[in-house]
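Peer 1: Sending over a structure as structure tokens; questions will come in a sec.
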Amino acid sequence: MAYQRIRDLREDRDLKQKDLADYLNCTQSCYSLYESGRHDIPSATLCKLADFYQTSVDYLLGRTDHPAPYPRSSAPMLEE
């Protein structure tokens with residue numbers, strides 16, 4: 001599902017795979033593997049895509065059909 005959603009979102013905005021690959025600092029062939037589902041999308045990349053499309057990672061993963069992003073947390077991040 002995530003693979004189809006990221007493709008649909010890209011095409012809806014008339015972007016090329018190369019455009020997203022440049023944004024994600026990867027090659028077009030790597031991005032193509034993400035869209036085709038032949039390569040798992042790293043969580044950091046999913047977060048960047050969600051920020052780019054102003055949606056939630058859950059939407060990208062097909063866990064919800066509501067594209068609105070979640071509100072940002074104001075809680076301080078725990079340091080390890």
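By order of appearance in the structure tokens: chains A, B, ..., then residues from 1 within every chain, and ligands from 1 in the order shown.
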Considering only C-alpha atoms, return as a list in words whatever protein or nucleic-acid residues lie within 12 Å of stretch 22-36 of chain A, sequence-local ones (same chain, fewer than 4 positions apart) excluded.
Peer 2: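 What passes the distance filter is Met1, Ala2, Tyr3, Gln4, Arg5, Ile6, Arg7, Asp8, Leu9, Arg10, Glu11, Leu15, Lys16, Gln17, Lys18, Asp40, Ile41, Pro42, Ala44, Thr45, Leu46, Cys47, Lys48, Leu49, Ala50, Asp51, Phe52, Tyr53 and Leu60 of chain A.
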Peer 1: Please dump the current selection as a PDB file, in the first residue's frame; keep N, CA and C atoms.
Peer 2:
ATOM      1  N   MET A   1       0.828  -1.197   0.000  1.00  0.00           N
ATOM      2  CA  MET A   1       0.000   0.000   0.000  1.00  0.00           C
ATOM      3  C   MET A   1       0.870   1.259   0.000  1.00  0.00           C
ATOM      4  N   ALA A   2       1.925   1.279   0.807  1.00  0.00           N
ATOM      5  CA  ALA A   2       2.777   2.471   0.866  1.00  0.00           C
ATOM      6  C   ALA A   2       3.357   2.774  -0.498  1.00  0.00           C
ATOM      7  N   TYR A   3       3.677   1.724  -1.221  1.00  0.00           N
ATOM      8  CA  TYR A   3       4.313   1.917  -2.510  1.00  0.00           C
ATOM      9  C   TYR A   3       3.350   2.596  -3.487  1.00  0.00           C
ATOM     10  N   GLN A   4       2.111   2.162  -3.491  1.00  0.00           N
ATOM     11  CA  GLN A   4       1.116   2.768  -4.375  1.00  0.00           C
ATOM     12  C   GLN A   4       0.810   4.201  -3.945  1.00  0.00           C
ATOM     13  N   ARG A   5       0.748   4.425  -2.645  1.00  0.00           N
ATOM     14  CA  ARG A   5       0.432   5.784  -2.161  1.00  0.00           C
ATOM     15  C   ARG A   5       1.522   6.779  -2.527  1.00  0.00           C
ATOM     16  N   ILE A   6       2.796   6.397  -2.361  1.00  0.00           N
ATOM     17  CA  ILE A   6       3.847   7.364  -2.683  1.00  0.00           C
ATOM     18  C   ILE A   6       3.890   7.631  -4.186  1.00  0.00           C
ATOM     19  N   ARG A   7       3.563   6.633  -4.972  1.00  0.00           N
ATOM     20  CA  ARG A   7       3.507   6.852  -6.419  1.00  0.00           C
ATOM     21  C   ARG A   7       2.347   7.784  -6.766  1.00  0.00           C
ATOM     22  N   ASP A   8       1.172   7.505  -6.209  1.00  0.00           N
ATOM     23  CA  ASP A   8       0.002   8.341  -6.485  1.00  0.00           C
ATOM     24  C   ASP A   8       0.232   9.784  -6.051  1.00  0.00           C
ATOM     25  N   LEU A   9       0.810   9.974  -4.870  1.00  0.00           N
ATOM     26  CA  LEU A   9       1.074  11.330  -4.383  1.00  0.00           C
ATOM     27  C   LEU A   9       2.041  12.062  -5.309  1.00  0.00           C
ATOM     28  N   ARG A  10       3.068  11.364  -5.756  1.00  0.00           N
ATOM     29  CA  ARG A  10       4.045  11.974  -6.663  1.00  0.00           C
ATOM     30  C   ARG A  10       3.383  12.349  -7.984  1.00  0.00           C
ATOM     31  N   GLU A  11       2.625  11.426  -8.547  1.00  0.00           N
ATOM     32  CA  GLU A  11       1.986  11.687  -9.832  1.00  0.00           C
ATOM     33  C   GLU A  11       0.931  12.787  -9.732  1.00  0.00           C
ATOM     34  N   LEU A  15       5.251  15.299 -10.356  1.00  0.00           N
ATOM     35  CA  LEU A  15       6.676  15.210 -10.068  1.00  0.00           C
ATOM     36  C   LEU A  15       7.255  13.960 -10.708  1.00  0.00           C
ATOM     37  N   LYS A  16       8.532  14.006 -10.971  1.00  0.00           N
ATOM     38  CA  LYS A  16       9.238  12.849 -11.508  1.00  0.00           C
ATOM     39  C   LYS A  16       9.920  12.111 -10.360  1.00  0.00           C
ATOM     40  N   GLN A  17      10.210  10.844 -10.578  1.00  0.00           N
ATOM     41  CA  GLN A  17      10.929  10.079  -9.563  1.00  0.00           C
ATOM     42  C   GLN A  17      12.244  10.766  -9.220  1.00  0.00           C
ATOM     43  N   LYS A  18      12.893  11.341 -10.201  1.00  0.00           N
ATOM     44  CA  LYS A  18      14.172  12.031  -9.982  1.00  0.00           C
ATOM     45  C   LYS A  18      14.000  13.195  -9.009  1.00  0.00           C
ATOM     46  N   ASP A  40      12.344  -2.153   0.708  1.00  0.00           N
ATOM     47  CA  ASP A  40      11.669  -1.548   1.861  1.00  0.00           C
ATOM     48  C   ASP A  40      12.122  -0.104   2.034  1.00  0.00           C
ATOM     49  N   ILE A  41      11.187   0.729   2.426  1.00  0.00           N
ATOM     50  CA  ILE A  41      11.483   2.146   2.629  1.00  0.00           C
ATOM     51  C   ILE A  41      11.924   2.340   4.072  1.00  0.00           C
ATOM     52  N   PRO A  42      13.142   2.842   4.303  1.00  0.00           N
ATOM     53  CA  PRO A  42      13.598   3.082   5.678  1.00  0.00           C
ATOM     54  C   PRO A  42      12.682   4.062   6.409  1.00  0.00           C
ATOM     55  N   ALA A  44      13.282   6.569   8.335  1.00  0.00           N
ATOM     56  CA  ALA A  44      13.674   7.977   8.190  1.00  0.00           C
ATOM     57  C   ALA A  44      13.195   8.530   6.846  1.00  0.00           C
ATOM     58  N   THR A  45      13.229   7.715   5.820  1.00  0.00           N
ATOM     59  CA  THR A  45      12.768   8.128   4.500  1.00  0.00           C
ATOM     60  C   THR A  45      11.251   8.290   4.491  1.00  0.00           C
ATOM     61  N   LEU A  46      10.549   7.385   5.164  1.00  0.00           N
ATOM     62  CA  LEU A  46       9.095   7.519   5.280  1.00  0.00           C
ATOM     63  C   LEU A  46       8.729   8.822   5.983  1.00  0.00           C
ATOM     64  N   CYS A  47       9.471   9.166   7.017  1.00  0.00           N
ATOM     65  CA  CYS A  47       9.217  10.421   7.732  1.00  0.00           C
ATOM     66  C   CYS A  47       9.446  11.622   6.818  1.00  0.00           C
ATOM     67  N   LYS A  48      10.512  11.586   6.024  1.00  0.00           N
ATOM     68  CA  LYS A  48      10.780  12.687   5.099  1.00  0.00           C
ATOM     69  C   LYS A  48       9.677  12.800   4.051  1.00  0.00           C
ATOM     70  N   LEU A  49       9.214  11.656   3.556  1.00  0.00           N
ATOM     71  CA  LEU A  49       8.135  11.674   2.570  1.00  0.00           C
ATOM     72  C   LEU A  49       6.844  12.213   3.182  1.00  0.00           C
ATOM     73  N   ALA A  50       6.546  11.813   4.411  1.00  0.00           N
ATOM     74  CA  ALA A  50       5.351  12.310   5.087  1.00  0.00           C
ATOM     75  C   ALA A  50       5.440  13.822   5.278  1.00  0.00           C
ATOM     76  N   ASP A  51       6.600  14.317   5.651  1.00  0.00           N
ATOM     77  CA  ASP A  51       6.783  15.768   5.799  1.00  0.00           C
ATOM     78  C   ASP A  51       6.622  16.472   4.439  1.00  0.00           C
ATOM     79  N   PHE A  52       7.217  15.901   3.414  1.00  0.00           N
ATOM     80  CA  PHE A  52       7.148  16.493   2.076  1.00  0.00           C
ATOM     81  C   PHE A  52       5.709  16.606   1.596  1.00  0.00           C
ATOM     82  N   TYR A  53       4.950  15.527   1.771  1.00  0.00           N
ATOM     83  CA  TYR A  53       3.564  15.505   1.303  1.00  0.00           C
ATOM     84  C   TYR A  53       2.575  16.034   2.340  1.00  0.00           C
ATOM     85  N   LEU A  60       0.813   6.929   4.534  1.00  0.00           N
ATOM     86  CA  LEU A  60       1.696   6.346   3.521  1.00  0.00           C
ATOM     87  C   LEU A  60       1.694   4.825   3.594  1.00  0.00           C
TER      88      LEU A  60
END
Peer 1: Atom CA of A:Leu20 and atom CA of A:Pro69 are how many Å apart?
Peer 2: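 Answer for the atom CA of A:Leu20 to atom CA of A:Pro69 separation: 19.3 Å.
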